[in-house]
Amino acid sequence: MELNDTLRDIAKKLLEEGRVDAVLGFRQSSLAHMTEPFLATTAEQADQLVFNSCCRMNLAVYLTPDLFRSGRPESGKKSPRVAVTAKGCDSRNIVTQIQENRYKRDQVHIIGLPCTGMADKAKLLAAAPEGIDTITEKNGTLILSRDGKETVVSKTEVLQSNCLSCIIRNPVIRDEMAGDPVPELDMDSHPDRFADVAEIEALSPADKAGFFETLVSDCTRCYACRNACPLCYCPVCFVDESRPQWVGKTIAPTDVMAFHLLRAFHDAGRCTDCGACEAACPMDIPMRAFTRKTIKDAREGFGWETGMDLNLRPPLDRFDLKDPGDFIR
Amino acid sequence: MTNPYHPYPVTIRDIRTETEDKSLKTFTFVFDSPEDESAFDFTCGQFAMLSVQGVGEIPIGIASSPTEKPEVKFTVFNTGKVTSHLHRMKAGDAMGIRGPLGNGFPMDRLAGKNILIIGGGFAFTTLRSFIESARQPENRHRFKNIDVVYGARTPGMLLYRDELAAWEKSGDINVHITVDATDDQDWPYHTGFVPAVTERCAPASDGNTLAIVCGPPIMIKFTRPVLRDLGYRDEDILMSLENRMKCGIGMCGRCNIGRELVCHDGPVFTLAELNGTPGEF
Amino acid sequence: MKPIHIKKEAFGPAMAKAMETYAVAGPVPDREDAKRRHLFRCLEKGETPDLEYTATQLSPKALLFPQAETMFRFKVPSGGKKAPFLEAESFKERPLAVVGIRPYDARAFDMLTLNFDSKDYKDPFFLKRCHQMVRVGLADTTLKDTNFSTACGTGPFDTTALDILLAKTEDAYIGTVITAKGKSFAAAAGFEAGSAEDTKALARMKQEAESRMRPGPDFSALADADTLDLHGEDHWARLAFSCINCGSCTFSCPTCWCFDIQDEVTGNDGVRLRLWDTCMTDLYSAHASGHNPRQERFKRFRNRFMHKLKYFPDKYGQGIMCVGCGRCIDNCPVGIDIRTIIGEMNAKAAGAAKAAGTAKTGGTDKATEAAS
Ligand SMILES: Cc1cc2nc3c(=O)[nH]c(=O)nc-3n(C[C@H](O)[C@H](O)[C@H](O)COP(=O)(O)OP(=O)(O)OC[C@H]3O[C@@H](n4cnc5c(N)ncnc54)[C@H](O)[C@@H]3O)c2cc1C
Ligand code: SF4
Ligand code: SF4
Ligand code: SF4
Ligand code: SF4
Ligand code: SF4
Ligand code: FES
């Protein structure tokens, strides 16, 4: 059976049997290359659920206290149970959120999505400058059709960069799978995994500053990156704080840089490299250059990979005598 | 083209702590230039931006009456960035005022009417402006009976206490003061919430009475049915709103309630007008 | 309306000539990688607007309404001493010609003007620039699927908000001079006169471009709809579910004008700035008391659409506050499409029965197929 059929059947069954109050997933958007996060609360709505190469957002963002509060009051349940469809990275963010006490494991029913990566929006559009009416996926290729004309691209060529170095494509925790697990890329200890970070590390301090300044020079501080990130759930983000005001509100390079650097630090040991932030950016800013350094450091300094195991405490949450201390002078 | 964002330079002449918890202070300003002073031509119920260089700008209702010029007064509650800075400033300090802004009370409509003023907490400020103006011998004859119901949590939280006593003594307006509670055995006024005191003391509407209501949302909520029972129509109830504001001149967008911009189309609306809006205030 | 005809190789020199009289702004490539895109900005000597561009993520509104603008300067008062408020320098800017603006984006300038030029207050920064500005448009012959400008009463060849309209052909830019301002600019740039042939070609191109456009949404029922009915809560929470309130839509929209005001201080010198803001954020409407009339996310989402489609039309009587450029659709990270929302609002207004999760505009019916 096609993955989408299985997915819909699972969702329908969960809803019909009253085992969950809602299923959080994706549905097709009006544009062929976009999907929209969607909350199905009836079996009929479950028919709209899809999973494809354009499900770039991280659904853990929507697992908010509000969602758990809302539910269906008529069901009489104090805290509704929500099913969520999760890619590998999404599942790791769910683990992180549970570790951070956002909700409990038994409040979410996880429908695992075996993931072969997400197609970069800009790369797709560049491959089909005339526009895209539909996208069909077949044997590792994407067929972009427009007015009957077809452009075939290999999926690897249009993948988001985070998906190329993905360390786990099948959800780490799940209650069931919507399809057979896909083979892993075995990137976790691959020598090239952090090649991009190493390249930046090798720059002189001045070049590094210049590199990052150019990187964010078009940032409008719309905060789509922050709002699309499942880690950025603070009730008041530091950039919005007024007493004291930590960061200026302009688009001057110092203010923009302060936002990105501080956000990256807040995400250290928590970022799963899901790529939702980059996919959300209207200005195509590759701001994962900041967070990827924290991922590399967490791995090298603490042997830590985010969200792989519910029973482990994150490195910034515990003290270990073996923690690196050579930065203390 | 003049720059409508440019404040008039002013100097703080006097700062008076109003309440026992020191959370409210009244600032008296004078303009540095006489031209600015005459350009700042306001009516009761308008507001202005108090502008502190390097800290920011906030909308505050004008608490003084036009008859008190050249001084202008504002009573400010200490709550955030700019207000806490203001509370640390001293007489003689320089800052800016931008305005006057907003529509103010509809003085033409109020003329010739009985007037019922209901105020709670520190929303009483622009009501003081009106009362002070209406009391003046040259203005008093323009209005019929004036009743004022004003309440605060405790006696120590009442604004303008000396003036309240003077107003009461003068007899040209009927003042009904109340506090939520007090252990003062000799408390000469009412105790109880504003809506209850309104029910007891306020005159019923004879069709020729306008009510002006300013206070916290909860007070407004419970005062509305009381006024309805007293025969006030929604178009005869005036309210002043405090939406978040930045520009104060109808351009930055944020103070909107539907298509109305509170800073420019308000802040004073009749209840009937507000009933026709999406109610986002 | 005078036809003009500029050979492509003559365009650069013409711009260099125009720069002797005007400051010139236009689209220029901003990045040369796979994600290549153009931005509108003021050009330096030697730069030429790149009229071969297809689209810009951000609208050109920043030319009139920069993301950060100094409204005045001041000295920080200290020790009870007077500290003056000083005018901002931006008052002294010289006349700007924007070359290559899309006709519908120019129409958006007229909508912004309604806000910044009110009966009681005039915004000097916006208006001074706007009055001086010469708008040399470039017809949109590379329309994106998301463009629905004709439905919004403008279009890829609309001349109503332009001084000159140009259109790209194989080897030339042909066009027409519309206003006296345009005539002066054409003279300063030394644009060559065209022929009746060019006028005919322009009309043909217009017809062709418009015929290729996808059908736009229908908002005919909104004008007479009751505001409170449209505002009613039931369907908004559903429509807004996926919105992350990022504000990309409003920042990239040519007709959104909201701003914040902030002070910035370095040492003893300060500036009061206005910065783009968006009704999508919590802070935008939060009262000092902590109360927020639009606390729930869907209420902020609703405000955006109600403002564009109901409050603005009711207030000014000049149609909706949207020129159909499609940027908000292209930029929305979660696939929200204003055409869908308009459709839902219109259906509600028209009293049409609709079930939850109704069909959408555009390519939905031919939905993406499953992952392999
Ligand atoms: C027409 C009108 C008349 C008014 N009249 C009076 C009056 O007479 N007297 C009076 O005392 N008040 C009055 N107010 C209210 C007054 O304007 C506010 O109390 C004032 O703006 C608070 O400013 P602040 O800088 O001190 O607070 P802010 O620092 O703005 O903060 C207040 C709260 O808002 C939130 N907040 C606001 N901005 C930010 C930000 N950038 N980042 C994070 N959080 C933020 C915070 O939660 C904070 O606790 C009036 C308001 C209006 C609209
Ligand atoms: S999404 Fe992009 S433009 Fe917006 S704040 Fe983030 S980096 Fe800047
Ligand atoms: S920072 Fe970006 S990559 Fe990391 S978890 Fe957040 S959205 Fe995902
Ligand atoms: S761009 Fe999309 S997600 Fe962001 S605020 Fe606008 S509608 Fe919401
Ligand atoms: S609302 Fe969207 S389509 Fe309309 S003008 Fe703004 S960005 Fe363009
Ligand atoms: S839609 Fe929102 S951001 Fe845009 S102008 Fe209206 S209120 Fe402002
Ligand atoms: S405060 Fe700016 S529009 Fe009202």
# chains A, B, ... in the order shown; residues from 1 in each chain; ligands from 1
>>> interface_residues(of="chain C", to="chain B", cutoff="6 Å", atoms="only C-alpha atoms", output="list in words")
Val76, Gly80, Lys82, Pro124, Leu228, Cys258, Phe259, Asp263, Val265, Ser285, His287, Pro293 and Tyr311 of chain C
>>> write_last_selection(atoms="N, CA, C and O atoms", output="PDB file, in the first residue's frame")
ATOM      1  N   VAL C  76      21.390  62.917  24.536  1.00  0.00           N
ATOM      2  CA  VAL C  76      20.841  62.359  25.765  1.00  0.00           C
ATOM      3  C   VAL C  76      21.015  63.386  26.873  1.00  0.00           C
ATOM      4  O   VAL C  76      22.129  63.879  27.086  1.00  0.00           O
ATOM      5  N   GLY C  80      20.441  67.427  34.339  1.00  0.00           N
ATOM      6  CA  GLY C  80      19.424  68.474  34.299  1.00  0.00           C
ATOM      7  C   GLY C  80      19.611  69.453  33.161  1.00  0.00           C
ATOM      8  O   GLY C  80      18.877  70.418  33.022  1.00  0.00           O
ATOM      9  N   LYS C  82      19.592  70.947  29.303  1.00  0.00           N
ATOM     10  CA  LYS C  82      18.715  70.804  28.141  1.00  0.00           C
ATOM     11  C   LYS C  82      19.392  69.940  27.072  1.00  0.00           C
ATOM     12  O   LYS C  82      20.599  70.053  26.867  1.00  0.00           O
ATOM     13  N   PRO C 124       6.136  63.204   6.817  1.00  0.00           N
ATOM     14  CA  PRO C 124       7.021  63.945   5.908  1.00  0.00           C
ATOM     15  C   PRO C 124       8.022  63.043   5.190  1.00  0.00           C
ATOM     16  O   PRO C 124       8.384  63.324   4.049  1.00  0.00           O
ATOM     17  N   LEU C 228     -18.797  42.369  11.544  1.00  0.00           N
ATOM     18  CA  LEU C 228     -18.815  41.465  12.696  1.00  0.00           C
ATOM     19  C   LEU C 228     -19.082  40.025  12.283  1.00  0.00           C
ATOM     20  O   LEU C 228     -18.553  39.099  12.890  1.00  0.00           O
ATOM     21  N   CYS C 258       2.749  48.914   8.777  1.00  0.00           N
ATOM     22  CA  CYS C 258       2.857  49.059  10.224  1.00  0.00           C
ATOM     23  C   CYS C 258       4.286  49.287  10.685  1.00  0.00           C
ATOM     24  O   CYS C 258       5.218  48.737  10.118  1.00  0.00           O
ATOM     25  N   PHE C 259       4.430  50.097  11.718  1.00  0.00           N
ATOM     26  CA  PHE C 259       5.776  50.321  12.241  1.00  0.00           C
ATOM     27  C   PHE C 259       5.796  50.447  13.756  1.00  0.00           C
ATOM     28  O   PHE C 259       4.789  50.704  14.401  1.00  0.00           O
ATOM     29  N   ASP C 263      14.054  53.963  20.435  1.00  0.00           N
ATOM     30  CA  ASP C 263      15.210  54.851  20.575  1.00  0.00           C
ATOM     31  C   ASP C 263      16.485  54.026  20.565  1.00  0.00           C
ATOM     32  O   ASP C 263      16.527  52.938  21.140  1.00  0.00           O
ATOM     33  N   VAL C 265      20.712  54.576  21.269  1.00  0.00           N
ATOM     34  CA  VAL C 265      21.669  55.540  21.801  1.00  0.00           C
ATOM     35  C   VAL C 265      23.085  55.004  21.670  1.00  0.00           C
ATOM     36  O   VAL C 265      23.339  53.842  21.952  1.00  0.00           O
ATOM     37  N   SER C 285       0.257  44.377  19.820  1.00  0.00           N
ATOM     38  CA  SER C 285      -0.975  44.917  20.390  1.00  0.00           C
ATOM     39  C   SER C 285      -1.083  44.717  21.900  1.00  0.00           C
ATOM     40  O   SER C 285      -2.124  45.005  22.482  1.00  0.00           O
ATOM     41  N   HIS C 287      -1.149  45.438  25.608  1.00  0.00           N
ATOM     42  CA  HIS C 287      -1.249  46.626  26.451  1.00  0.00           C
ATOM     43  C   HIS C 287      -0.183  46.563  27.540  1.00  0.00           C
ATOM     44  O   HIS C 287       0.319  45.489  27.863  1.00  0.00           O
ATOM     45  N   PRO C 293      -5.607  42.349  23.446  1.00  0.00           N
ATOM     46  CA  PRO C 293      -6.856  42.038  22.758  1.00  0.00           C
ATOM     47  C   PRO C 293      -6.687  40.993  21.650  1.00  0.00           C
ATOM     48  O   PRO C 293      -7.674  40.438  21.184  1.00  0.00           O
ATOM     49  N   TYR C 311     -11.425  46.086   6.668  1.00  0.00           N
ATOM     50  CA  TYR C 311     -11.268  47.381   7.340  1.00  0.00           C
ATOM     51  C   TYR C 311     -10.792  48.443   6.355  1.00  0.00           C
ATOM     52  O   TYR C 311     -11.316  49.550   6.303  1.00  0.00           O
TER      53      TYR C 311
END
>>> interface_residues(of="chain A", to="chain B", cutoff="9 Å", atoms="only C-alpha atoms", output="MDAnalysis selection string")
chainID A and resid 242:244
>>> residues_near_ligand(ligand="ligand 1", cutoff="8 Å", atoms="only C-alpha atoms and all ligand atoms", output="PyMOL selection string")
(chain A and resi 236+239-243+245) or (chain B and resi 24+46-48+56-63+74-85+102+122-126+240-245+262-263+267) or (chain C and resi 283+286-290)
>>> write_last_selection(atoms="N, CA and C atoms", output="short mmCIF file (atom, residue, chain, number, x, y, z; two decimals), in the first residue's frame")
data_model
loop_
_atom_site.label_atom_id
_atom_site.label_comp_id
_atom_site.auth_asym_id
_atom_site.auth_seq_id
_atom_site.Cartn_x
_atom_site.Cartn_y
_atom_site.Cartn_z
N VAL A 236 8.39 34.66 26.22
CA VAL A 236 8.90 35.91 25.68
C VAL A 236 10.35 35.67 25.26
N VAL A 239 14.74 38.53 22.32
CA VAL A 239 14.74 39.70 21.41
C VAL A 239 13.52 40.58 21.64
N ASP A 240 12.50 40.03 22.31
CA ASP A 240 11.28 40.81 22.54
C ASP A 240 11.24 41.44 23.92
N GLU A 241 12.19 41.08 24.74
CA GLU A 241 12.25 41.57 26.11
C GLU A 241 12.51 43.08 26.09
N SER A 242 11.80 43.84 26.96
CA SER A 242 12.05 45.28 26.96
C SER A 242 12.74 45.78 28.23
N ARG A 243 12.67 44.98 29.31
CA ARG A 243 13.34 45.41 30.54
C ARG A 243 14.16 44.28 31.11
N GLN A 245 16.31 45.62 27.68
CA GLN A 245 16.28 45.30 26.26
C GLN A 245 17.65 44.75 25.88
N LEU B 24 1.89 55.91 41.71
CA LEU B 24 1.36 56.95 40.83
C LEU B 24 1.93 58.31 41.20
N GLN B 46 -8.13 64.43 25.75
CA GLN B 46 -7.04 64.11 24.81
C GLN B 46 -5.85 63.54 25.58
N PHE B 47 -4.90 63.05 24.83
CA PHE B 47 -3.69 62.53 25.46
C PHE B 47 -2.46 63.08 24.73
N ALA B 48 -1.29 62.75 25.24
CA ALA B 48 -0.06 63.21 24.59
C ALA B 48 0.99 62.12 24.76
N GLY B 56 12.27 56.37 25.37
CA GLY B 56 11.10 56.08 24.54
C GLY B 56 9.97 57.04 24.80
N GLU B 57 8.84 56.66 24.27
CA GLU B 57 7.68 57.55 24.22
C GLU B 57 6.45 56.77 24.63
N ILE B 58 5.59 57.35 25.46
CA ILE B 58 4.38 56.64 25.85
C ILE B 58 3.16 57.56 25.84
N PRO B 59 1.99 56.98 25.50
CA PRO B 59 0.78 57.79 25.52
C PRO B 59 0.24 57.92 26.94
N ILE B 60 -0.04 59.15 27.36
CA ILE B 60 -0.61 59.38 28.68
C ILE B 60 -1.71 60.43 28.56
N GLY B 61 -2.83 60.17 29.21
CA GLY B 61 -3.95 61.11 29.17
C GLY B 61 -3.57 62.41 29.86
N ILE B 62 -4.08 63.52 29.32
CA ILE B 62 -3.78 64.82 29.92
C ILE B 62 -4.68 65.00 31.14
N ALA B 63 -4.06 65.16 32.31
CA ALA B 63 -4.82 65.20 33.55
C ALA B 63 -5.21 66.61 33.94
N PHE B 74 0.25 65.33 34.03
CA PHE B 74 -0.01 63.93 33.66
C PHE B 74 0.19 63.09 34.91
N THR B 75 -0.66 62.12 35.10
CA THR B 75 -0.49 61.22 36.24
C THR B 75 -0.10 59.85 35.69
N VAL B 76 1.03 59.36 36.15
CA VAL B 76 1.63 58.19 35.51
C VAL B 76 1.79 57.04 36.49
N PHE B 77 1.33 55.89 36.08
CA PHE B 77 1.46 54.65 36.85
C PHE B 77 2.77 53.97 36.48
N ASN B 78 3.53 53.58 37.48
CA ASN B 78 4.84 52.96 37.25
C ASN B 78 4.67 51.50 36.86
N THR B 79 4.91 51.18 35.59
CA THR B 79 4.67 49.80 35.17
C THR B 79 5.74 49.21 34.27
N GLY B 80 6.42 50.04 33.47
CA GLY B 80 7.35 49.45 32.49
C GLY B 80 8.55 50.32 32.26
N LYS B 81 9.08 50.20 31.06
CA LYS B 81 10.36 50.82 30.72
C LYS B 81 10.33 52.35 30.88
N VAL B 82 9.40 52.99 30.19
CA VAL B 82 9.38 54.45 30.20
C VAL B 82 8.79 54.98 31.50
N THR B 83 7.72 54.35 31.98
CA THR B 83 7.09 54.85 33.19
C THR B 83 8.04 54.73 34.39
N SER B 84 8.82 53.66 34.47
CA SER B 84 9.73 53.54 35.61
C SER B 84 10.85 54.57 35.50
N HIS B 85 11.25 54.88 34.29
CA HIS B 85 12.25 55.92 34.12
C HIS B 85 11.69 57.27 34.57
N GLY B 102 -5.57 62.58 19.72
CA GLY B 102 -6.87 61.96 19.96
C GLY B 102 -8.01 62.97 19.92
N PHE B 122 -6.64 54.41 38.38
CA PHE B 122 -5.90 55.56 37.86
C PHE B 122 -6.39 56.00 36.48
N ALA B 123 -7.48 55.42 36.02
CA ALA B 123 -8.08 55.91 34.78
C ALA B 123 -8.84 57.20 35.02
N PHE B 124 -8.71 57.75 36.23
CA PHE B 124 -9.45 58.95 36.58
C PHE B 124 -8.82 60.21 35.98
N THR B 125 -7.63 60.08 35.41
CA THR B 125 -6.83 61.25 35.06
C THR B 125 -7.53 62.22 34.10
N THR B 126 -8.02 61.72 32.98
CA THR B 126 -8.65 62.65 32.03
C THR B 126 -10.00 63.13 32.56
N SER B 240 -13.31 55.87 27.36
CA SER B 240 -12.00 56.20 26.82
C SER B 240 -11.14 54.94 26.84
N LEU B 241 -10.55 54.58 25.70
CA LEU B 241 -9.81 53.32 25.58
C LEU B 241 -8.30 53.53 25.69
N GLU B 242 -7.61 52.45 26.03
CA GLU B 242 -6.15 52.53 26.18
C GLU B 242 -5.45 51.43 25.40
N ASN B 243 -5.73 51.32 24.12
CA ASN B 243 -5.02 50.32 23.32
C ASN B 243 -3.53 50.65 23.25
N ARG B 244 -2.74 49.65 22.90
CA ARG B 244 -1.30 49.92 22.76
C ARG B 244 -1.09 50.91 21.61
N MET B 245 -0.21 51.86 21.83
CA MET B 245 0.03 52.89 20.81
C MET B 245 1.52 53.13 20.62
N VAL B 262 -7.64 53.83 17.53
CA VAL B 262 -8.01 54.43 18.81
C VAL B 262 -7.28 55.76 19.02
N CYS B 263 -6.04 55.86 18.55
CA CYS B 263 -5.27 57.07 18.80
C CYS B 263 -5.85 58.27 18.07
N PRO B 267 -9.34 58.55 21.65
CA PRO B 267 -9.66 57.35 22.43
C PRO B 267 -11.08 57.33 22.98
N LEU C 283 3.59 41.28 20.72
CA LEU C 283 3.95 42.59 21.28
C LEU C 283 3.22 43.74 20.60
N ALA C 286 0.00 44.22 22.55
CA ALA C 286 -0.06 43.97 23.99
C ALA C 286 -0.14 45.28 24.76
N HIS C 287 -1.15 45.44 25.61
CA HIS C 287 -1.25 46.63 26.45
C HIS C 287 -0.18 46.56 27.54
N ALA C 288 0.10 47.72 28.14
CA ALA C 288 1.08 47.75 29.22
C ALA C 288 0.61 46.93 30.41
N SER C 289 -0.71 46.82 30.58
CA SER C 289 -1.24 46.07 31.72
C SER C 289 -0.99 44.57 31.59
N GLY C 290 -0.56 44.13 30.39
CA GLY C 290 -0.38 42.70 30.16
C GLY C 290 -1.55 42.14 29.36
#
>>> interface_residues(of="chain A", to="chain C", cutoff="6 Å", atoms="only C-alpha atoms", output="JSON, numbers by chain")
{"A": [4, 29, 30, 34, 35, 36, 37, 52, 122, 133, 134, 135, 136, 137, 138, 222, 223, 224, 227, 280, 282]}
>>> write_last_selection(atoms="N, CA and C atoms", output="mmCIF file, in the first residue's frame")
data_model
loop_
_atom_site.group_PDB
_atom_site.id
_atom_site.type_symbol
_atom_site.label_atom_id
_atom_site.label_comp_id
_atom_site.auth_asym_id
_atom_site.auth_seq_id
_atom_site.Cartn_x
_atom_site.Cartn_y
_atom_site.Cartn_z
ATOM 1 N N ASN A 4 0.921 7.122 1.768
ATOM 2 C CA ASN A 4 -0.146 8.058 2.108
ATOM 3 C C ASN A 4 -1.433 7.347 2.483
ATOM 4 N N SER A 29 -0.689 22.025 0.086
ATOM 5 C CA SER A 29 -1.023 23.443 0.025
ATOM 6 C C SER A 29 -1.481 23.779 -1.387
ATOM 7 N N SER A 30 -1.830 25.022 -1.635
ATOM 8 C CA SER A 30 -2.275 25.406 -2.976
ATOM 9 C C SER A 30 -1.129 25.341 -3.977
ATOM 10 N N MET A 34 4.572 23.034 -1.861
ATOM 11 C CA MET A 34 4.386 23.370 -0.449
ATOM 12 C C MET A 34 3.341 22.452 0.198
ATOM 13 N N THR A 35 3.553 22.179 1.493
ATOM 14 C CA THR A 35 2.502 21.531 2.270
ATOM 15 C C THR A 35 2.191 22.432 3.452
ATOM 16 N N GLU A 36 1.075 22.157 4.088
ATOM 17 C CA GLU A 36 0.646 22.982 5.212
ATOM 18 C C GLU A 36 0.397 22.109 6.433
ATOM 19 N N PRO A 37 0.975 22.444 7.575
ATOM 20 C CA PRO A 37 0.662 21.700 8.787
ATOM 21 C C PRO A 37 -0.839 21.766 9.059
ATOM 22 N N ASN A 52 5.251 13.847 1.878
ATOM 23 C CA ASN A 52 6.051 13.839 0.652
ATOM 24 C C ASN A 52 7.334 14.640 0.876
ATOM 25 N N ALA A 122 13.923 26.385 -2.876
ATOM 26 C CA ALA A 122 14.574 27.222 -3.897
ATOM 27 C C ALA A 122 15.175 26.368 -5.013
ATOM 28 N N ASP A 133 3.147 22.491 -11.578
ATOM 29 C CA ASP A 133 1.743 22.167 -11.325
ATOM 30 C C ASP A 133 1.613 21.001 -10.355
ATOM 31 N N THR A 134 2.392 19.956 -10.616
ATOM 32 C CA THR A 134 2.360 18.803 -9.713
ATOM 33 C C THR A 134 3.761 18.226 -9.572
ATOM 34 N N ILE A 135 3.948 17.527 -8.462
ATOM 35 C CA ILE A 135 5.210 16.836 -8.231
ATOM 36 C C ILE A 135 4.891 15.367 -7.982
ATOM 37 N N THR A 136 5.535 14.484 -8.724
ATOM 38 C CA THR A 136 5.354 13.055 -8.494
ATOM 39 C C THR A 136 6.714 12.479 -8.119
ATOM 40 N N GLU A 137 6.725 11.594 -7.126
ATOM 41 C CA GLU A 137 7.991 11.022 -6.694
ATOM 42 C C GLU A 137 8.063 9.573 -7.144
ATOM 43 N N LYS A 138 9.181 9.206 -7.752
ATOM 44 C CA LYS A 138 9.327 7.843 -8.223
ATOM 45 C C LYS A 138 10.787 7.423 -8.169
ATOM 46 N N CYS A 222 12.398 38.879 10.539
ATOM 47 C CA CYS A 222 10.984 38.530 10.582
ATOM 48 C C CYS A 222 10.762 37.444 11.629
ATOM 49 N N TYR A 223 11.821 36.741 11.987
ATOM 50 C CA TYR A 223 11.792 35.671 12.987
ATOM 51 C C TYR A 223 11.053 34.415 12.535
ATOM 52 N N ALA A 224 10.932 34.230 11.231
ATOM 53 C CA ALA A 224 10.324 32.985 10.759
ATOM 54 C C ALA A 224 11.181 31.805 11.204
ATOM 55 N N ASN A 227 10.327 31.157 14.801
ATOM 56 C CA ASN A 227 8.960 30.664 14.990
ATOM 57 C C ASN A 227 8.752 29.275 14.402
ATOM 58 N N ALA A 280 12.072 27.905 6.393
ATOM 59 C CA ALA A 280 11.069 28.942 6.647
ATOM 60 C C ALA A 280 11.540 30.323 6.220
ATOM 61 N N PRO A 282 12.290 33.499 4.438
ATOM 62 C CA PRO A 282 11.904 34.052 3.139
ATOM 63 C C PRO A 282 13.104 34.611 2.381
#
>>> residues_near_ligand(ligand="ligand 3", cutoff="10 Å", atoms="only C-alpha atoms and all ligand atoms", output="PyMOL selection string")
chain A and resi 56-58+60-61+89-90+92-93+96+162+224-232+263-280+286-292+294-295+306
>>> residues_near_ligand(ligand="ligand 5", cutoff="8 Å", atoms="only C-alpha atoms and all ligand atoms", output="ChimeraX atom specification")
/C:105,108,146-149,249-250,252-256,308,321-329,338
>>> select_by_dssp(residues="stretch 128-204 of chain B", states="strand (DSSP E or B)", output="list in words")
Ile146, Asp147, Val148, Val149, Tyr150, Gly151, Ala152, Asn174, Val175, His176, Ile177, Thr178, Val179, His190 and Thr191 of chain B
>>> select_by_dssp(residues="stretch 32-142 of chain C", states="alpha helix (DSSP H)", output="ChimeraX atom specification")
/C:103-116,124-132
>>> atom_distance(atom1="atom CA of A:Ser165", atom2="atom CA of A:Pro183")
13.7 Å
>>> atom_distance(atom1="atom CA of C:Ala167", atom2="atom CA of C:Ala139")
5.0 Å
>>> residues_around(residues="A:Gln107", least_positions_apart="6", cutoff="9 Å", atoms="only C-alpha atoms", output="JSON, numbers by chain")
{"A": [68, 79, 80, 81, 82, 83]}
>>> write_last_selection(atoms="all heavy atoms", output="tab-separated table (two decimals), in the first residue's frame")
chain	number	residue	atom	x	y	z
A	68	PHE	N	-2.66	21.04	23.74
A	68	PHE	CA	-3.05	20.00	24.70
A	68	PHE	C	-4.22	20.47	25.56
A	68	PHE	O	-4.98	19.67	26.08
A	68	PHE	CB	-1.86	19.60	25.58
A	68	PHE	CG	-0.84	18.81	24.81
A	68	PHE	CD1	0.41	19.32	24.54
A	68	PHE	CD2	-1.16	17.54	24.33
A	68	PHE	CE1	1.33	18.60	23.81
A	68	PHE	CE2	-0.24	16.81	23.59
A	68	PHE	CZ	1.01	17.34	23.34
A	79	SER	N	-6.92	16.22	29.39
A	79	SER	CA	-5.79	16.53	28.54
A	79	SER	C	-5.88	15.65	27.30
A	79	SER	O	-5.70	14.45	27.38
A	79	SER	CB	-4.49	16.23	29.30
A	79	SER	OG	-3.41	16.45	28.47
A	80	PRO	N	-6.21	16.26	26.17
A	80	PRO	CA	-6.45	15.43	24.99
A	80	PRO	C	-5.18	14.73	24.53
A	80	PRO	O	-4.07	15.22	24.74
A	80	PRO	CB	-6.92	16.44	23.96
A	80	PRO	CG	-6.36	17.73	24.40
A	80	PRO	CD	-6.29	17.68	25.88
A	81	ARG	N	-5.37	13.62	23.89
A	81	ARG	CA	-4.25	12.90	23.32
A	81	ARG	C	-4.18	13.27	21.85
A	81	ARG	O	-5.17	13.32	21.15
A	81	ARG	CB	-4.50	11.40	23.47
A	81	ARG	CG	-3.30	10.62	23.91
A	81	ARG	CD	-3.73	9.24	24.30
A	81	ARG	NE	-3.17	8.24	23.38
A	81	ARG	CZ	-1.94	7.76	23.47
A	81	ARG	NH1	-1.13	8.18	24.40
A	81	ARG	NH2	-1.51	6.85	22.63
A	82	VAL	N	-2.97	13.55	21.40
A	82	VAL	CA	-2.79	14.00	20.04
A	82	VAL	C	-1.87	13.02	19.33
A	82	VAL	O	-0.86	12.60	19.89
A	82	VAL	CB	-2.16	15.41	20.01
A	82	VAL	CG1	-1.92	15.87	18.59
A	82	VAL	CG2	-3.03	16.40	20.76
A	83	ALA	N	-2.24	12.65	18.13
A	83	ALA	CA	-1.31	11.87	17.32
A	83	ALA	C	-0.54	12.83	16.44
A	83	ALA	O	-1.09	13.83	15.97
A	83	ALA	CB	-2.06	10.86	16.46
